[in-house]
$ cat start-v4.cif   # mmCIF, C-alpha atoms
data_upload
#
loop_
_atom_site.label_atom_id
_atom_site.label_comp_id
_atom_site.auth_asym_id
_atom_site.auth_seq_id
_atom_site.Cartn_x
_atom_site.Cartn_y
_atom_site.Cartn_z
CA ARG A 244 1.96 26.51 9.44
CA ASP A 245 -1.26 24.81 8.36
CA SER A 246 -3.59 27.52 7.08
CA LEU A 247 -6.67 26.37 5.18
CA THR A 248 -7.03 29.78 3.49
CA GLN A 249 -3.48 29.47 2.13
CA TRP A 250 -4.07 25.93 0.86
CA ARG A 251 -7.22 27.14 -0.91
CA ALA A 252 -5.50 30.18 -2.41
CA TYR A 253 -2.35 28.52 -3.73
CA SER A 254 -2.90 24.79 -4.27
CA ARG A 255 -6.48 24.87 -5.61
CA SER A 256 -7.22 21.41 -7.09
CA THR A 257 -3.62 20.16 -7.01
CA VAL A 258 -1.65 18.67 -4.13
CA GLY A 259 -0.38 21.63 -2.10
CA VAL A 260 3.10 21.52 -0.58
CA ALA A 261 4.40 23.87 2.14
CA LEU A 262 8.08 24.11 3.07
CA GLN A 263 9.35 25.02 6.53
CA PHE A 264 12.79 26.63 6.63
CA THR A 265 15.37 26.85 9.40
CA GLN A 266 15.07 30.57 10.08
CA ARG A 267 18.21 31.04 12.18
CA THR A 268 20.52 29.74 9.42
CA MET A 269 18.45 30.39 6.31
CA MET A 270 20.47 33.34 4.99
CA MET A 271 23.82 31.65 5.65
CA ASP A 272 22.62 28.47 3.96
CA LEU A 273 21.63 30.51 0.91
CA GLY A 274 25.22 31.76 0.67
CA PHE A 275 24.38 34.94 2.64
CA PRO A 276 23.82 37.37 -0.26
CA ARG A 277 24.52 40.81 1.25
CA GLU A 278 21.84 42.67 -0.69
CA CYS A 279 19.12 40.34 0.64
CA THR A 280 17.18 40.72 3.86
CA LEU A 281 14.15 39.07 5.46
CA LEU A 282 11.41 41.58 6.26
CA PRO A 283 8.00 40.98 7.91
CA VAL A 284 5.01 42.39 6.02
CA LEU A 285 2.85 45.00 7.78
CA TYR A 286 -0.93 44.91 7.35
CA ASP A 287 -2.31 47.18 10.07
CA GLU A 288 -3.02 50.66 8.71
CA GLY A 289 -1.91 52.35 11.94
CA CYS A 290 1.44 50.54 11.92
CA LYS A 291 2.07 51.39 8.27
CA ARG A 292 1.28 55.07 8.77
CA THR A 293 3.42 55.27 11.90
CA LEU A 294 6.38 53.63 10.16
CA LEU A 295 6.23 55.91 7.12
CA ASP A 296 5.68 58.97 9.32
CA CYS A 297 8.77 58.11 11.40
CA PHE A 298 10.74 57.60 8.19
CA GLY A 299 9.74 61.04 6.87
CA ARG A 300 10.37 62.83 10.16
CA PHE A 301 13.75 61.20 10.77
CA PHE A 302 15.17 61.96 7.34
CA GLY A 303 13.64 65.42 7.32
CA LEU A 304 15.39 66.33 10.57
CA ALA A 305 18.64 64.64 9.52
CA TYR A 306 18.68 66.48 6.18
CA GLU A 307 17.98 69.78 7.89
CA LYS A 308 20.92 69.33 10.27
CA ASP A 309 23.32 68.05 7.60
CA SER A 310 22.45 70.91 5.25
CA ARG A 311 23.82 73.32 7.89
CA ARG A 312 26.93 71.26 8.69
CA LYS A 313 29.92 71.83 6.45
CA ILE A 314 32.56 69.09 6.34
CA ARG A 315 36.17 69.59 5.34
CA ARG A 316 37.89 66.72 3.52
CA LEU A 317 41.67 66.96 3.82
CA LYS A 318 43.78 66.25 0.74
CA ARG A 319 46.85 64.07 1.02
CA SER A 320 48.90 66.02 -1.49
CA PRO A 321 50.25 69.44 -0.39
CA SER A 322 49.47 70.83 -3.83
CA GLU A 323 45.75 70.09 -3.48
CA ALA A 324 43.35 72.30 -1.60
CA ASP A 325 41.09 70.93 1.10
CA GLU A 326 37.55 70.22 -0.07
CA GLU A 327 34.53 71.51 1.79
CA PHE A 328 31.04 70.12 1.28
CA TYR A 329 27.67 69.59 2.93
CA PRO A 330 26.92 65.88 3.61
CA THR A 331 23.57 65.82 1.84
CA ASP A 332 24.62 64.44 -1.56
CA GLY A 333 23.50 60.86 -0.89
CA TYR A 334 20.11 61.68 0.59
CA ALA A 335 18.07 61.43 -2.62
CA GLU A 336 19.35 57.98 -3.56
CA GLY A 337 19.41 56.71 0.04
CA ASP A 338 15.89 57.92 0.81
CA ARG A 339 14.53 56.40 -2.38
CA GLY A 340 16.08 52.99 -1.66
CA LEU A 341 14.92 52.86 1.97
CA PHE A 342 11.46 54.15 1.10
CA SER A 343 11.06 51.46 -1.56
CA GLU A 344 12.10 48.82 0.97
CA LEU A 345 9.46 50.04 3.42
CA VAL A 346 6.72 50.17 0.79
CA VAL A 347 7.54 46.61 -0.31
CA CYS A 348 6.70 45.49 3.23
CA CYS A 349 3.27 47.17 3.34
CA LYS A 350 0.23 45.19 2.22
CA ASP A 351 -3.52 45.67 2.43
CA LEU A 352 -5.21 44.52 5.65
CA ALA A 353 -7.32 42.05 3.64
CA PHE A 354 -4.20 39.85 3.25
CA ALA A 355 -3.35 39.77 6.98
CA ASP A 356 -4.06 36.03 7.24
CA GLU A 357 -0.97 35.36 5.10
CA ARG A 358 1.44 36.59 7.83
CA GLU A 359 4.02 37.00 5.10
CA VAL A 360 7.76 37.47 5.43
CA ARG A 361 9.49 38.66 2.28
CA LEU A 362 13.00 38.01 1.06
CA VAL A 363 13.89 41.41 -0.39
CA TYR A 364 16.77 41.89 -2.83
CA THR A 365 17.93 45.46 -3.48
CA GLU A 366 20.44 46.59 -6.10
CA HIS A 367 21.85 50.03 -5.35
CA LYS A 368 22.09 51.47 -8.85
CA HIS A 369 24.48 54.32 -8.06
CA ILE A 370 26.95 52.00 -6.28
CA ILE A 371 26.84 49.43 -9.08
CA GLU A 372 27.41 52.08 -11.76
CA GLU A 373 30.08 53.99 -9.86
CA PHE A 374 32.22 50.93 -9.11
CA GLY A 375 31.37 48.91 -12.22
CA LEU A 376 29.89 46.02 -10.23
CA THR A 377 28.05 43.05 -11.67
CA ARG A 378 24.25 43.00 -11.67
CA ALA A 379 22.32 39.85 -10.96
CA GLU A 380 20.98 38.34 -14.17
CA MET A 381 17.43 39.39 -15.03
CA ARG A 382 15.21 36.58 -16.25
CA PHE A 383 11.65 36.63 -17.57
CA ARG A 384 8.63 34.36 -17.30
CA VAL A 385 5.04 34.52 -18.52
CA GLY A 386 2.73 35.64 -15.70
CA GLY A 387 -0.94 35.65 -16.66
CA SER A 388 -1.34 38.42 -19.23
CA PHE A 389 2.16 39.93 -18.87
CA ILE A 390 5.87 39.08 -18.87
CA ALA A 391 7.30 39.20 -15.34
CA PRO A 392 10.99 39.97 -14.66
CA TYR A 393 12.70 38.03 -11.88
CA THR A 394 16.06 36.86 -10.62
CA THR A 395 17.11 33.81 -8.63
CA ILE A 396 19.13 33.23 -5.46
CA SER A 397 21.80 31.57 -7.63
CA ASP A 398 21.96 34.67 -9.85
CA ILE A 399 22.30 36.93 -6.82
CA ARG A 400 24.97 34.71 -5.30
CA GLU A 401 26.93 34.65 -8.57
CA ALA A 402 26.80 38.44 -8.85
CA GLU A 403 27.91 38.72 -5.22
CA SER A 404 30.96 36.54 -5.75
CA GLN A 405 32.07 38.83 -8.60
CA ARG A 406 31.36 42.02 -6.65
CA TYR A 407 33.21 41.09 -3.49
CA LYS A 408 35.79 38.64 -4.89
CA HIS A 409 34.56 35.70 -2.88
CA LYS A 410 32.29 32.75 -3.40
CA ASN A 411 30.27 31.41 -0.51
CA GLU A 412 29.27 27.87 -1.32
CA PRO A 413 25.86 27.28 0.25
CA SER A 414 25.14 24.16 2.23
CA LYS A 415 21.99 22.14 1.65
CA PHE A 416 18.83 24.18 1.36
CA PRO A 417 17.65 24.82 4.96
CA ILE A 418 14.43 22.78 4.93
CA GLU A 419 13.08 21.34 8.20
CA GLU A 420 9.65 20.09 7.14
CA VAL A 421 7.52 19.46 4.07
CA MET A 422 3.78 19.52 4.69
CA ILE A 423 1.30 18.04 2.21
CA GLY A 424 -1.96 19.96 1.87
CA PRO A 425 -5.54 18.65 1.98
CA HIS A 426 -6.16 16.34 -0.99
CA PRO A 427 -7.73 12.91 -1.64
CA GLN A 428 -4.26 11.63 -2.60
CA SER A 429 -2.31 13.35 0.20
CA GLU A 430 -1.04 10.05 1.64
CA LEU A 431 0.39 8.96 -1.69
CA ALA A 432 1.85 12.45 -2.23
CA ALA A 433 3.57 12.29 1.18
CA LEU A 434 5.15 8.92 0.33
CA SER A 435 6.45 10.22 -3.00
CA VAL A 436 7.89 13.36 -1.37
CA ARG A 437 9.59 11.17 1.26
CA GLU A 438 11.26 9.12 -1.46
CA TYR A 439 12.34 12.24 -3.32
CA LEU A 440 13.90 13.85 -0.22
CA ASN A 441 15.73 10.64 0.70
CA ALA A 442 17.18 10.42 -2.80
CA ARG A 443 18.44 14.02 -2.57
CA GLY A 444 20.14 13.70 0.82
CA TYR A 445 17.36 15.24 2.92
CA GLU A 446 16.61 12.24 5.12
CA HIS A 447 16.38 14.51 8.19
CA VAL A 448 13.46 16.53 6.78
CA ARG A 449 10.06 15.71 8.27
CA VAL A 450 7.16 14.95 5.92
CA THR A 451 3.74 15.63 7.42
CA ARG A 452 0.17 15.97 6.20
CA SER A 453 -2.26 18.82 6.88
CA GLU A 454 -4.73 18.24 9.66
CA ALA A 455 -7.45 19.97 7.61
CA PRO A 456 -9.81 17.53 5.85
CA PHE A 457 -10.22 17.81 2.11
CA ARG A 458 -14.01 18.16 2.44
#

$ encode --input "start-v4.cif" --output "structure tokens"
Amino acid sequence: RDSLTQWRAYSRSTVGVALQFTQRTMMMDLGFPRECTLLPVLYDEGCKRTLLDCFGRFFGLAYEKDSRRKIRRLKRSPSEADEEFYPTDGYAEGDRGLFSELVVCCKDLAFADEREVRLVYTEHKHIIEEFGLTRAEMRFRVGGSFIAPYTTISDIREAESQRYKHKNEPSKFPIEEVMIGPHPQSELAALSVREYLNARGYEHVRVTRSEAPFR
């Protein structure tokens, strides 16, 4: 909540601002995009190895069993023959998507102080292509020495409304607190943030200042 290492890493010489969200309603207040999930980041090497090992063992055993199990799909029309198949067709795509999701949540132990939780958005390419669904818009921004692709919650929500023929209108962004980081002008920054929140209908949001001194 008030980590000096995080203030140093991200705010540097500017006034740092940290937002606290209402976790229990955060996804619903974002419009509940179905392809998004909140995942805690793993830092411990033992935990990461155990997780990936369980993933490999589980899908290895499941694939082995399914590759020996033939399924018959009955046809509705009398003129059509029943179809027989082994239920292993979706393993390659499914494994790749789940594996990518797990890897996204693994980070080097050196970053453990961050205690990060990631909002992960996954587009299932084969489903989108097969059913002609809408992709979230891809945007670009300059990031250091490269151009970084990204998308926004609004883009994801818009794509969702077209995919599933509904439009969830989000409520106000689920902010509970705004904390101002260590800075010589932190008091003035807190007053300006208070005014801004009041003007935008966020009177209920607390504005606090870091307990860490600037020097």

$ residues_around --input "start-v4.cif" --residues "A:Tyr439" --least-positions-apart "6" --cutoff "12 Å" --atoms "all atoms listed in the file" --output "VMD selection string"
chain A and resid 421 432 to 433 445 to 446 448 450

$ residues_around --input "start-v4.cif" --residues "A:Phe416" --least-positions-apart "3" --cutoff "9 Å" --atoms "only C-alpha atoms" --output "ChimeraX atom specification"
/A:264,269,272-273,413

$ residues_around --input "start-v4.cif" --residues "stretch 390-402 of chain A" --least-positions-apart "2" --cutoff "7 Å" --atoms "all atoms listed in the file" --output "list in words"
Gly274, Pro276, Thr377, Arg378, Ala379, Glu380, Met381, Arg382, Phe383, Arg384, Val385, Gly386, Ser404, Gln405 and Arg406 of chain A

$ residues_around --input "start-v4.cif" --residues "A:Val347" --least-positions-apart "3" --cutoff "10 Å" --atoms "only C-alpha atoms" --output "ChimeraX atom specification"
/A:282-285,341-344,350,361,363

$ closest_residue --input "start-v4.cif" --among "A:Gln428, A:Ser254, A:Thr365, A:Thr268" --to "A:Thr280" --atoms "only C-alpha atoms"
A:Thr365

$ closest_residue --input "start-v4.cif" --among "A:Val258, A:Ile423, A:Cys348, A:Ala305" --to "A:Arg452" --atoms "only C-alpha atoms"
A:Ile423

$ atom_distance --input "start-v4.cif" --atom1 "atom CA of A:Cys290" --atom2 "atom CA of A:Arg267"
25.7 Å

$ closest_residue --input "start-v4.cif" --among "A:Leu304, A:Met422, A:Ala353, A:Leu294" --to "A:Leu434" --atoms "only C-alpha atoms"
A:Met422

$ closest_residue --input "start-v4.cif" --among "A:Glu438, A:Asp245, A:Asp296, A:Asp287" --to "A:Asp351" --atoms "all atoms listed in the file"
A:Asp287

$ atom_distance --input "start-v4.cif" --atom1 "atom CA of A:Arg437" --atom2 "atom CA of A:Tyr253"
21.6 Å

$ closest_residue --input "start-v4.cif" --among "A:Arg449, A:Ser435, A:Val346, A:Glu366" --to "A:Lys291" --atoms "all atoms listed in the file"
A:Val346

$ atom_distance --input "start-v4.cif" --atom1 "atom CA of A:Asp309" --atom2 "atom CA of A:Gly340"
19.1 Å

$ closest_residue --input "start-v4.cif" --among "A:Lys415, A:His426, A:Ala455, A:Arg443" --to "A:Met271" --atoms "all atoms listed in the file"
A:Lys415

$ axis_aligned_box --input "start-v4.cif" --around "stretch 444-448 of chain A" --padding-each-side "6 Å" --output "AutoDock Vina command-line options"
--center_x 16.8 --center_y 14.4 --center_z 4.5 --size_x 18.7 --size_y 16.3 --size_z 19.4
